[in-house]
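> Below is the file work.txt, with compact mmCIF, C-alpha atoms.
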# COMPACT_ATOMS: atom_id res chain seq x y z
CA MET W 12 5.35 -38.38 2.90
CA THR W 13 3.61 -41.40 4.30
CA ASP W 14 1.36 -43.63 2.27
CA SER W 15 -1.79 -42.38 4.06
CA THR W 16 -2.95 -40.30 1.12
CA ASP W 17 -6.42 -41.86 1.20
CA SER W 18 -7.09 -41.25 4.90
CA ASN W 19 -9.10 -38.33 6.21
CA CYS W 20 -7.57 -35.41 8.09
CA GLY W 21 -9.30 -33.01 10.44
CA LEU W 22 -9.43 -29.23 10.55
CA LEU W 23 -10.97 -27.76 13.71
CA ILE W 24 -11.30 -23.96 13.74
CA ALA W 25 -11.88 -21.82 16.82
CA GLY W 26 -13.95 -18.91 15.54
CA LEU W 27 -15.66 -21.06 12.92
CA GLY W 28 -18.45 -18.56 12.31
CA GLY W 29 -16.13 -15.66 11.52
CA MET W 30 -15.80 -14.20 8.05
CA THR W 31 -12.35 -15.63 7.30
CA ALA W 32 -13.20 -19.07 8.64
CA THR W 33 -16.48 -19.34 6.74
CA ALA W 34 -14.83 -18.13 3.53
CA ALA W 35 -12.02 -20.69 3.86
CA VAL W 36 -14.33 -23.56 4.78
CA SER W 37 -16.90 -22.72 2.10
CA GLY W 38 -14.21 -22.71 -0.57
CA LEU W 39 -12.71 -25.92 0.78
CA LEU W 40 -16.09 -27.66 0.74
CA LEU W 41 -16.75 -26.58 -2.83
CA MET W 42 -13.33 -27.82 -3.93
CA SER W 43 -13.94 -31.09 -2.08
CA ALA W 44 -17.18 -31.57 -4.02
CA GLY W 45 -15.41 -30.87 -7.32
CA ILE W 46 -17.50 -27.73 -7.90
CA LEU W 47 -14.46 -25.46 -7.73
CA PRO W 48 -11.00 -26.48 -8.99
CA GLU W 49 -8.24 -27.07 -6.44
CA ALA W 50 -6.54 -23.70 -6.06
CA TYR W 51 -4.90 -22.08 -3.07
CA GLY W 52 -2.51 -19.21 -2.40
CA VAL W 53 1.21 -19.73 -1.92
CA THR W 54 1.05 -23.48 -2.42
CA SER W 55 -0.51 -22.93 -5.84
CA SER W 56 2.11 -20.38 -6.88
CA PRO W 57 4.45 -21.39 -9.73
CA LEU W 58 7.30 -20.08 -7.55
CA PHE W 59 6.57 -22.63 -4.84
CA PRO W 60 7.93 -26.19 -5.04
CA SER W 61 5.52 -28.76 -6.43
CA LEU W 62 4.52 -30.91 -3.45
CA ASP W 63 2.13 -33.78 -2.97
CA LEU W 64 -0.10 -31.89 -0.53
CA ILE W 65 -3.45 -32.90 0.91
CA GLU W 66 -6.40 -32.49 -1.44
CA ALA W 67 -9.62 -30.81 -0.40
CA LYS W 68 -11.62 -34.05 -0.45
CA ARG W 69 -9.54 -35.50 2.40
CA TRP W 70 -10.46 -32.78 4.91
CA LYS W 71 -13.15 -33.21 7.54
CA VAL W 72 -14.08 -29.87 9.07
CA GLY W 73 -15.43 -28.71 12.40
CA GLY W 74 -14.84 -26.08 15.04
CA TRP W 75 -16.10 -23.89 17.83
CA ASP W 76 -17.98 -20.65 18.23
CA LEU W 77 -20.13 -18.74 20.71
CA PRO W 78 -23.35 -20.27 22.07
CA SER W 79 -25.42 -17.57 20.37
CA LYS W 80 -23.60 -17.85 17.05
CA SER W 81 -24.33 -20.54 14.46
CA PRO W 82 -21.41 -20.93 12.02
CA VAL W 83 -23.75 -22.65 9.58
CA GLU W 84 -26.10 -19.67 9.56
CA CYS W 85 -23.15 -17.26 9.38
CA ALA W 86 -21.81 -19.01 6.30
CA ARG W 87 -25.23 -18.83 4.67
CA HIS W 88 -25.59 -15.17 5.60
CA TYR W 89 -22.20 -14.15 4.19
CA ASP W 90 -23.00 -15.95 0.92
CA TRP W 91 -19.36 -16.06 -0.18
CA PHE W 92 -19.90 -18.06 -3.37
CA PRO W 93 -23.33 -16.88 -4.60
CA ALA W 94 -23.09 -18.87 -7.83
CA HIS W 95 -22.93 -22.03 -5.71
CA ALA W 96 -25.12 -20.97 -2.79
CA GLY W 97 -27.15 -24.18 -2.72
CA ALA W 98 -24.08 -26.39 -2.71
CA VAL W 99 -22.47 -24.33 0.07
CA ARG W 100 -25.56 -24.54 2.28
CA LYS W 101 -25.80 -28.29 1.79
CA ALA W 102 -22.10 -28.87 2.46
CA TRP W 103 -22.14 -26.89 5.71
CA ASP W 104 -24.74 -29.25 7.14
CA ASP W 105 -21.93 -31.81 7.63
CA VAL W 106 -19.62 -29.41 9.49
CA VAL W 107 -19.26 -30.32 13.19
CA VAL W 108 -19.86 -27.40 15.58
CA PHE W 109 -19.03 -27.23 19.29
CA VAL W 110 -19.75 -24.49 21.82
CA GLY W 111 -16.57 -22.46 22.08
CA HIS W 112 -14.77 -20.96 25.04
CA VAL W 113 -13.98 -17.31 25.64
CA GLY W 114 -12.62 -15.85 28.86
CA PRO W 115 -12.54 -12.48 30.65
CA LEU W 116 -9.56 -11.31 28.57
CA ASP W 117 -11.23 -12.01 25.22
CA TRP W 118 -13.20 -9.41 23.30
CA ALA W 119 -16.10 -11.77 22.70
CA PHE W 120 -16.54 -12.21 26.46
CA GLU W 121 -17.56 -8.58 26.83
CA ALA W 122 -19.53 -8.61 23.58
CA GLN W 123 -21.80 -11.50 24.66
CA SER W 124 -24.12 -10.86 27.59
CA GLU W 125 -24.73 -14.55 28.30
CA LEU W 126 -21.06 -15.13 29.09
CA VAL W 127 -20.77 -13.93 32.67
CA VAL W 128 -18.50 -16.55 34.23
CA SER W 129 -15.38 -18.38 33.12
CA PRO W 130 -14.71 -21.96 34.26
CA PRO W 131 -11.36 -22.95 35.81
CA PRO W 132 -8.52 -23.40 33.29
CA ASP W 133 -8.27 -27.17 33.81
CA GLU W 134 -11.97 -27.52 33.09
CA VAL W 135 -11.67 -25.42 29.93
CA VAL W 136 -8.83 -27.55 28.56
CA SER W 137 -10.65 -30.75 29.52
CA THR W 138 -13.82 -29.67 27.70
CA LEU W 139 -11.96 -28.64 24.55
CA ALA W 140 -9.97 -31.88 24.61
CA SER W 141 -13.23 -33.81 24.90
CA ASN W 142 -14.57 -31.96 21.85
CA ILE W 143 -11.45 -32.86 19.89
CA GLU W 144 -11.67 -36.54 20.81
CA SER W 145 -15.36 -36.59 19.89
CA PHE W 146 -14.55 -35.11 16.49
CA ARG W 147 -11.69 -37.57 16.01
CA GLN W 148 -14.04 -40.51 16.53
CA THR W 149 -17.05 -39.29 14.55
CA ALA W 150 -15.03 -37.91 11.63
CA ASP W 151 -12.66 -40.90 11.58
CA VAL W 152 -9.52 -38.82 11.00
CA ASP W 153 -5.85 -39.72 11.41
CA HIS W 154 -4.42 -36.24 12.03
CA ILE W 155 -6.08 -33.06 13.28
CA LEU W 156 -5.04 -29.43 12.99
CA VAL W 157 -6.57 -26.97 15.45
CA ALA W 158 -6.58 -23.43 14.04
CA TYR W 159 -7.30 -20.34 16.11
CA LEU W 160 -9.26 -17.62 14.28
CA GLY W 161 -11.02 -16.18 17.32
CA SER W 162 -11.39 -12.58 18.42
CA PRO W 163 -8.56 -10.54 19.97
CA HIS W 164 -7.81 -10.31 23.66
CA ARG W 165 -6.44 -7.78 26.07
CA THR W 166 -2.68 -7.49 26.46
CA VAL W 167 -1.24 -10.15 28.76
CA ASP W 168 1.71 -9.33 31.00
CA LEU W 169 3.50 -12.66 31.15
CA GLY W 170 5.49 -11.49 34.14
CA LEU W 171 2.35 -11.05 36.22
CA ILE W 172 0.77 -14.42 35.52
CA THR W 173 -0.24 -16.21 38.70
CA GLU W 174 -0.55 -19.93 39.34
CA ASN W 175 -4.21 -20.12 38.28
CA PRO W 176 -4.83 -17.12 36.01
CA ALA W 177 -7.51 -16.30 33.46
CA LEU W 178 -5.65 -16.61 30.17
CA PRO W 179 -6.65 -15.87 26.57
CA ALA W 180 -8.83 -18.50 24.94
CA SER W 181 -6.17 -19.09 22.27
CA TYR W 182 -3.82 -20.59 24.86
CA TYR W 183 -6.41 -23.10 26.03
CA TYR W 184 -7.19 -24.18 22.46
CA GLY W 185 -3.48 -24.65 21.79
CA LEU W 186 -2.90 -26.63 24.98
CA ALA W 187 -5.94 -28.85 24.39
CA ALA W 188 -4.72 -29.47 20.84
CA VAL W 189 -1.22 -30.66 21.66
CA GLN W 190 -2.41 -32.67 24.68
CA THR W 191 -4.74 -34.64 22.40
CA GLY W 192 -2.16 -35.28 19.70
CA CYS W 193 -3.10 -32.40 17.38
CA ASP W 194 -1.10 -29.63 15.76
CA PHE W 195 -1.93 -25.98 16.47
CA VAL W 196 -1.72 -22.76 14.45
CA ASP W 197 -2.54 -19.28 15.72
CA PHE W 198 -3.65 -16.99 12.90
CA THR W 199 -4.35 -14.06 15.25
CA PRO W 200 -2.19 -11.56 17.18
CA SER W 201 -2.73 -13.48 20.41
CA SER W 202 -0.06 -14.29 22.98
CA ALA W 203 -0.73 -18.07 22.97
CA LEU W 204 2.72 -19.02 21.67
CA GLU W 205 4.47 -16.73 24.13
CA PHE W 206 3.71 -19.20 26.91
CA PRO W 207 6.70 -21.55 27.18
CA SER W 208 4.41 -24.26 28.56
CA LEU W 209 2.59 -24.51 25.22
CA ILE W 210 5.77 -24.88 23.15
CA GLN W 211 7.16 -27.39 25.67
CA ALA W 212 3.93 -29.40 25.65
CA ALA W 213 4.03 -29.55 21.84
CA GLU W 214 7.64 -30.74 21.80
CA GLU W 215 6.99 -33.39 24.43
CA ALA W 216 3.90 -34.63 22.61
CA GLY W 217 5.61 -34.63 19.20
CA GLN W 218 3.17 -32.06 17.83
CA ARG W 219 3.73 -28.94 15.74
CA VAL W 220 2.79 -25.31 16.46
CA VAL W 221 3.17 -22.12 14.45
CA GLY W 222 1.83 -18.58 14.22
CA ARG W 223 1.21 -15.39 14.96
CA ASP W 224 -1.03 -13.00 13.06
CA LEU W 225 -1.62 -14.00 9.44
CA SER W 226 -0.15 -11.44 7.00
CA THR W 227 -2.43 -10.77 4.05
CA GLY W 228 -2.03 -7.21 2.80
CA GLN W 229 -0.78 -3.89 4.10
CA THR W 230 1.91 -5.16 6.49
CA MET W 231 3.22 -7.61 3.86
CA MET W 232 3.47 -4.79 1.33
CA LYS W 233 5.27 -2.48 3.77
CA ALA W 234 7.80 -5.17 4.71
CA ALA W 235 8.54 -5.89 1.04
CA LEU W 236 8.94 -2.21 0.16
CA HIS W 237 11.16 -1.51 3.15
CA GLU W 238 13.49 -4.34 2.23
CA MET W 239 13.71 -3.10 -1.36
CA PHE W 240 14.42 0.47 -0.23
CA LEU W 241 17.22 -0.71 2.07
CA GLN W 242 18.85 -2.55 -0.82
CA ARG W 243 18.98 0.78 -2.68
CA ASN W 244 20.12 2.69 0.44
CA MET W 245 16.86 4.64 0.36
CA ILE W 246 16.15 5.22 4.04
CA LEU W 247 12.61 5.61 5.33
CA SER W 248 12.25 8.56 7.66
CA SER W 249 8.51 8.37 8.34
CA TRP W 250 5.47 6.27 7.52
CA TYR W 251 1.79 6.61 8.33
CA SER W 252 -0.77 3.84 7.85
CA THR W 253 -4.47 3.69 8.44
CA ASN W 254 -6.83 0.74 8.05
CA LEU W 255 -10.54 1.11 7.37
CA ILE W 256 -12.24 -2.13 8.39
CA GLY W 257 -15.97 -2.84 8.35
CA ASN W 258 -16.15 -6.45 9.49
CA ASN W 259 -16.24 -7.81 13.03
CA ASP W 260 -12.45 -7.67 13.18
CA GLY W 261 -12.65 -3.90 12.80
CA ARG W 262 -15.30 -3.65 15.48
CA ALA W 263 -13.17 -5.65 17.92
CA LEU W 264 -9.90 -3.88 17.17
CA THR W 265 -11.42 -0.46 17.76
CA THR W 266 -12.69 -1.45 21.19
CA ALA W 267 -10.52 0.17 23.85
CA GLY W 268 -7.86 -2.19 25.16
CA PHE W 269 -8.03 -4.80 22.39
CA ASP W 270 -5.85 -3.24 19.69
CA ALA W 271 -2.41 -3.26 21.32
CA ALA W 272 -1.15 -6.59 19.95
CA LYS W 273 -2.43 -5.95 16.43
CA LEU W 274 -0.88 -2.48 16.31
CA ALA W 275 2.41 -3.85 17.62
CA ASP W 276 2.45 -6.48 14.88
CA LYS W 277 1.73 -3.88 12.22
CA LEU W 278 4.36 -1.53 13.61
CA GLY W 279 6.86 -4.37 13.24
CA ALA W 280 6.59 -4.30 9.44
CA PHE W 281 9.91 -2.43 9.22
CA GLY W 282 11.65 -4.71 11.69
CA ARG W 283 11.62 -4.80 15.45
CA ASN W 284 14.58 -2.41 15.77
CA GLU W 285 13.87 0.61 13.61
CA PRO W 286 13.65 3.55 16.05
CA THR W 287 14.75 6.04 13.38
CA ILE W 288 11.47 5.68 11.45
CA ALA W 289 8.59 7.84 12.67
CA HIS W 290 5.97 5.13 12.22
CA GLU W 291 2.29 5.44 13.07
CA VAL W 292 -0.51 2.92 12.47
CA ARG W 293 -4.23 3.39 13.06
CA ILE W 294 -7.28 1.15 12.75
CA GLU W 295 -10.71 2.62 12.13
CA PHE W 296 -14.06 0.83 12.08
CA MET W 297 -16.15 1.64 9.02
CA GLU W 298 -19.21 -0.59 9.16
CA GLU W 299 -20.37 0.38 5.67
CA TRP W 300 -17.17 -1.12 4.22
CA GLY W 301 -18.22 -4.64 5.24
CA ASP W 302 -15.51 -7.16 4.38
CA ASN W 303 -13.71 -4.77 2.03
CA LYS W 304 -10.69 -3.68 4.05
CA GLU W 305 -9.07 -0.49 2.84
CA SER W 306 -5.60 0.79 3.65
CA TRP W 307 -3.97 4.16 3.11
CA ASP W 308 -0.22 4.68 3.43
CA ALA W 309 1.97 7.76 3.25
CA GLY W 310 5.75 7.46 3.50
CA ARG W 311 8.81 9.66 3.16
CA ILE W 312 12.26 8.50 2.05
CA ALA W 313 15.52 10.39 2.41
CA THR W 314 17.52 10.68 -0.80
CA TRP W 315 21.12 11.19 -1.90
CA HIS W 316 23.02 14.06 -0.28
CA ALA W 317 19.92 15.55 1.35
CA ALA W 318 18.14 16.12 -1.95
CA PRO W 319 14.36 16.63 -1.79
CA PRO W 320 12.74 13.50 -0.25
CA VAL W 321 10.69 10.91 -2.09
CA ASP W 322 7.07 10.87 -0.94
CA ILE W 323 4.97 7.74 -1.37
CA ARG W 324 1.18 7.40 -1.37
CA ILE W 325 -0.42 3.97 -1.59
CA ASN W 326 -4.08 2.97 -1.38
CA TRP W 327 -5.64 -0.40 -1.83
CA ARG W 328 -8.94 -2.04 -1.05
CA GLY W 329 -9.91 -5.67 -1.17
CA PRO W 330 -12.04 -8.45 0.33
CA ASP W 331 -10.31 -9.14 3.63
CA SER W 332 -11.59 -12.68 4.08
CA PHE W 333 -10.68 -13.77 0.56
CA LEU W 334 -7.15 -12.45 0.98
CA ALA W 335 -6.81 -14.49 4.16
CA ALA W 336 -8.75 -17.68 3.32
CA PRO W 337 -6.33 -19.24 0.77
CA LEU W 338 -3.40 -18.58 3.11
CA VAL W 339 -5.23 -20.29 5.97
CA LEU W 340 -5.60 -23.33 3.74
CA ASP W 341 -1.94 -23.06 2.63
CA VAL W 342 -0.73 -23.28 6.22
CA ALA W 343 -3.16 -26.10 6.97
CA ARG W 344 -1.92 -28.12 3.98
CA LEU W 345 1.75 -27.62 4.87
CA MET W 346 1.22 -28.49 8.52
CA MET W 347 -0.62 -31.64 7.49
CA TYR W 348 2.27 -32.48 5.18
CA GLU W 349 4.63 -32.26 8.15
CA ALA W 350 2.25 -34.28 10.34
CA GLU W 351 1.94 -37.12 7.86
CA ALA W 352 5.68 -37.16 7.19
CA LYS W 353 6.41 -37.05 10.94
CA THR W 354 9.44 -34.89 10.21
CA MET W 355 9.64 -32.61 13.23
CA ALA W 356 7.94 -31.40 16.39
CA GLY W 357 7.61 -28.10 18.20
CA LEU W 358 7.75 -24.70 16.51
CA LEU W 359 7.73 -24.75 12.69
CA GLY W 360 9.80 -21.64 12.09
CA HIS W 361 9.96 -22.15 8.33
CA LEU W 362 6.24 -21.30 8.07
CA GLY W 363 6.96 -17.82 9.40
CA TYR W 364 6.53 -16.37 5.91
CA PHE W 365 2.75 -16.44 6.37
CA PHE W 366 2.67 -14.27 9.49
CA LYS W 367 3.14 -10.61 10.42
CA ARG W 368 5.07 -11.45 13.54
CA PRO W 369 6.15 -15.08 13.24
CA PHE W 370 6.98 -16.45 16.64
CA GLY W 371 10.70 -17.11 16.86
CA MET W 372 11.45 -15.26 13.60
CA GLU W 373 10.40 -11.71 14.45
CA THR W 374 13.70 -10.13 13.40
CA THR W 375 13.96 -11.81 9.99
CA THR W 376 13.18 -10.15 6.66
CA LEU W 377 10.32 -11.10 4.38
CA SER W 378 12.69 -12.44 1.71
CA SER W 379 14.60 -14.60 4.21
CA ARG W 380 11.30 -16.05 5.42
CA TRP W 381 10.41 -16.88 1.83
CA GLU W 382 13.79 -18.54 1.30
CA ASN W 383 13.37 -20.59 4.48
CA LEU W 384 9.93 -21.71 3.32
CA VAL W 385 10.99 -22.67 -0.21
CA ASN W 386 14.25 -24.31 0.86
CA ARG W 387 12.38 -26.48 3.32
CA TYR W 388 10.36 -28.08 0.54
CA CYS W 389 12.72 -27.97 -2.44
CA LEU W 390 14.30 -31.33 -1.72
CA ALA W 391 10.91 -32.91 -1.13
CA SER W 392 9.40 -31.68 -4.39
Could you rewrite the structure in this file as C-alpha cells?


Amino acid sequence: MTDSTDSNCGLLIAGLGGMTATAAVSGLLLMSAGILPEAYGVTSSPLFPSLDLIEAKRWKVGGWDLPSKSPVECARHYDWFPAHAGAVRKAWDDVVVFVGHVGPLDWAFEAQSELVVSPPPDEVVSTLASNIESFRQTADVDHILVAYLGSPHRTVDLGLITENPALPASYYYGLAAVQTGCDFVDFTPSSALEFPSLIQAAEEAGQRVVGRDLSTGQTMMKAALHEMFLQRNMILSSWYSTNLIGNNDGRALTTAGFDAAKLADKLGAFGRNEPTIAHEVRIEFMEEWGDNKESWDAGRIATWHAAPPVDIRINWRGPDSFLAAPLVLDVARLMMYEAEAKTMAGLLGHLGYFFKRPFGMETTTLSSRWENLVNRYCLAS
C-alpha cells in the first residue's frame, strides 16, 4: 500500500439510479457518516485475509443515469434504510450525477422514448471522459473506479463489428475510464471486456479492468454444489432453474432479445464444457415480487451402479440488491487497493471469484477462484 490513506477516492457508477447501485451507495454513505458500522461482504469475512482497505469515509461518489431518471429521487423512493431515511436523503444531495449514455443495442434505449438518436462513438467517449475529469476536479480525488451497473444489451457478434459500429454503452464507459486514468469493472453480463481494444487500452494506460456479471445467489450455489458432487463422483444428469424477478432487472431480462448473455452466464454454472447435463434456465418477471428475487431449482444426480437417482429441490428468496450491494463494495475496495499499491495493470483475474463468468477465468472452478483471491492477498495481510 501507499501512504495515501487520507486522500479521497472516487466511485463513478453507470446506472446510478438502479436498485443495486442505490442500495450500495446508500449503505456506503451511512457508513461514511458513522451511522452504520463498517461492514461488507467477502472483505469482512473471517476467512478473508485482514487487509488495510479503503474506509467508507474516503469515497466520493457520483455516476450516470438516464435524462428522465433522478438517482437521488430513486434512492429516496426505494428507502433502503428506513431507520435512517433522513440521513440517507441528506447524504445523497452530495452525490454527483451526470446524464448517462445508452445506445441502440441497450435495453434502456428502447425503454425511453426521448432517446431516439445515438451520437458517434468518439463523441460518446469524449463526453463520458469529460464527465470523469469534471468529477475528478470537483471531488478532488486521487484514484477513480468506474463501475458499470447499467441495463443489459442485445447480443453482439464481435465478428460482424464494422469500423464505426454502434456498440453497447458498457464498452464506451470502460474505454472512457481507462483513457482518463481510471479503473473499470463490469458488474453486468455485457460484452465490454470481450473487445480486445478495451483490455489493450487498459494495459497501455496502466489501469485495471475486471468483470463480468456479479454472482450473488443461484448461480453461485449451483457452482458450489456441482463441484462438491464431482468430488463425490455424483454426476448431475439434469438441472432446471427458474428465476422470479420483480425489479427492473427482471423487466429488462424478459424483453425479447435481451436475455441471451444472462442466460449463457447462468448456464455456465456447471462449467463451460458440460454437454452431458440437461440444463435449462428461465427468467420470469413477477412485478409483485419487487426486489425479492426468488429461485427454484430441481436437479437429478446419477448414483452408484445405476441405483435410483438422487433428486434435489431447492428454493430461496432474498433481497436482490442487498445480496449484490456488499459485493459491489468489496470489488471496489480491492480494486482501489490495487490502484493505490500500483501493483499491476490490465485484467485482474484474481477477482474472478465475484463473477458468474469472470473474463479470462471462465473454465475455472469456484474453489479455485476463491484460492486465487485469498492467495493474492495473504502475503499482504

> Given the choices W:Met346, W:Ala272, W:Ile143, W:Leu359, which gets closest to W:His164 if the distance is worked out from only C-alpha atoms?

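Comparing W:Met346, W:Ala272, W:Ile143, W:Leu359 against W:His164, the winner is W:Ala272.
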
> Which residues come within 8 Å of W:Gly360, counting only C-alpha atoms, excluding same-chain residues fewer than 6 positions away, as a ChimeraX atom specification?

/W:221,369-372

> For the contact check between stretch 62-130 of chain W and stretch 38-57 of chain W, emit one row per residue of stretch 62-130 of chain W within 12 Å, containing the shortest atom pair and the distance in Å rounded to one decimal, counting all atoms listed in the file, chain then rising number order, as CSV.


residue,atom,partner,partner_atom,distance
W:Leu62,CA,W:Thr54,CA,8.3
W:Asp63,CA,W:Thr54,CA,10.4
W:Leu64,CA,W:Thr54,CA,8.7
W:Ile65,CA,W:Glu49,CA,10.5
W:Glu66,CA,W:Glu49,CA,7.6
W:Ala67,CA,W:Ser43,CA,4.6
W:Lys68,CA,W:Ser43,CA,4.1
W:Arg69,CA,W:Ser43,CA,7.7
W:Trp70,CA,W:Ser43,CA,8.0
W:Lys71,CA,W:Leu40,CA,9.3
W:Val72,CA,W:Leu40,CA,8.8
W:Gly73,CA,W:Leu40,CA,11.7
W:Ala86,CA,W:Gly38,CA,10.9
W:Asp90,CA,W:Gly38,CA,11.2
W:Trp91,CA,W:Gly38,CA,8.4
W:Phe92,CA,W:Gly38,CA,7.9
W:Pro93,CA,W:Gly38,CA,11.6
W:Ala94,CA,W:Ile46,CA,10.5
W:His95,CA,W:Ile46,CA,8.2
W:Ala96,CA,W:Leu41,CA,10.1
W:Gly97,CA,W:Leu41,CA,10.7
W:Ala98,CA,W:Leu41,CA,7.3
W:Val99,CA,W:Leu41,CA,6.8
W:Arg100,CA,W:Leu40,CA,10.1
W:Lys101,CA,W:Leu40,CA,9.8
W:Ala102,CA,W:Leu40,CA,6.4
W:Trp103,CA,W:Leu40,CA,7.9
W:Asp104,CA,W:Leu40,CA,10.9
W:Asp105,CA,W:Leu40,CA,9.9
W:Val106,CA,W:Leu40,CA,9.6

> Under the rule that all atoms listed in the file are counted, which of W:Ala267, W:Met231, W:Ala34, W:Ala177 is the nearest residue to W:Trp118?

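Looking only at the distances to W:Trp118, the closest residue turns out to be W:Ala267.
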
> Got a sec: who's within 10 Å of W:Asn303, counting only C-alpha atoms, leaving out chain neighbours fewer than 6 positions off, as a ChimeraX atom specification?

/W:255-258,297,327-333

> Please list as a PyMOL selection string every residue within 8 Å of W:Ala280, counting all atoms listed in the file and excluding residues in the same chain fewer than 4 positions away.

chain W and resi 230-231+233-234+276+367

> Out of W:Gly357, W:Gly114, W:Gly301, W:Gly363, which residue has the shortest atom-to-atom distance to W:Met30 when counting all atoms listed in the file?

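Among the listed residues, the smallest separation from W:Met30 belongs to W:Gly301.
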
> Write out as a list of chain:residue names the residues lying within 8 Å of W:Ser202, counting only C-alpha atoms and excluding same-chain residues fewer than 3 positions away.

W:Val167, W:Pro179, W:Ser181, W:Tyr182, W:Glu205, W:Phe206

> As an exercise, work out the distance from atom CA of W:Glu349 to atom CA of W:Ala140 in Å and give it to one decimal place.

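Separation of atom CA of W:Glu349 and atom CA of W:Ala140: 22.0 Å.
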
> Mind checking which residues fall within 8 Å of W:Arg219, counting only C-alpha atoms, ignoring those fewer than 5 positions away in the same chain, and posting them as a count of residues only?

13

> Figure out the distance between atom CA of W:His361 and atom CA of W:Tyr388, please, to one decimal in Å.

9.8 Å

> Here is a test: counting only C-alpha atoms, which residue of W:Leu27, W:Ile246, W:Leu186, W:Leu264 is nearest to W:Gln211?

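Using only C-alpha atoms, W:Gln211 sits closest to W:Leu186.
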
> From the set W:Val220, W:Gly261, W:Ala343, W:Phe281, which residue has the shortest atom-to-atom contact distance to W:Met239, counting all atoms listed in the file?

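For W:Met239, the nearest of the given residues is W:Phe281.
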
> Quote the spacing between atom CA of W:Leu178 and atom CA of W:Cys20 in Å to one decimal place.

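Separation between atom CA of W:Leu178 and atom CA of W:Cys20: 29.1 Å.
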
> Between W:Val83, W:Tyr251, W:Arg380, W:Pro130, which has the minimum distance to W:Pro115 (counting only C-alpha atoms)?

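Under the stated criterion, the closest residue is W:Pro130.
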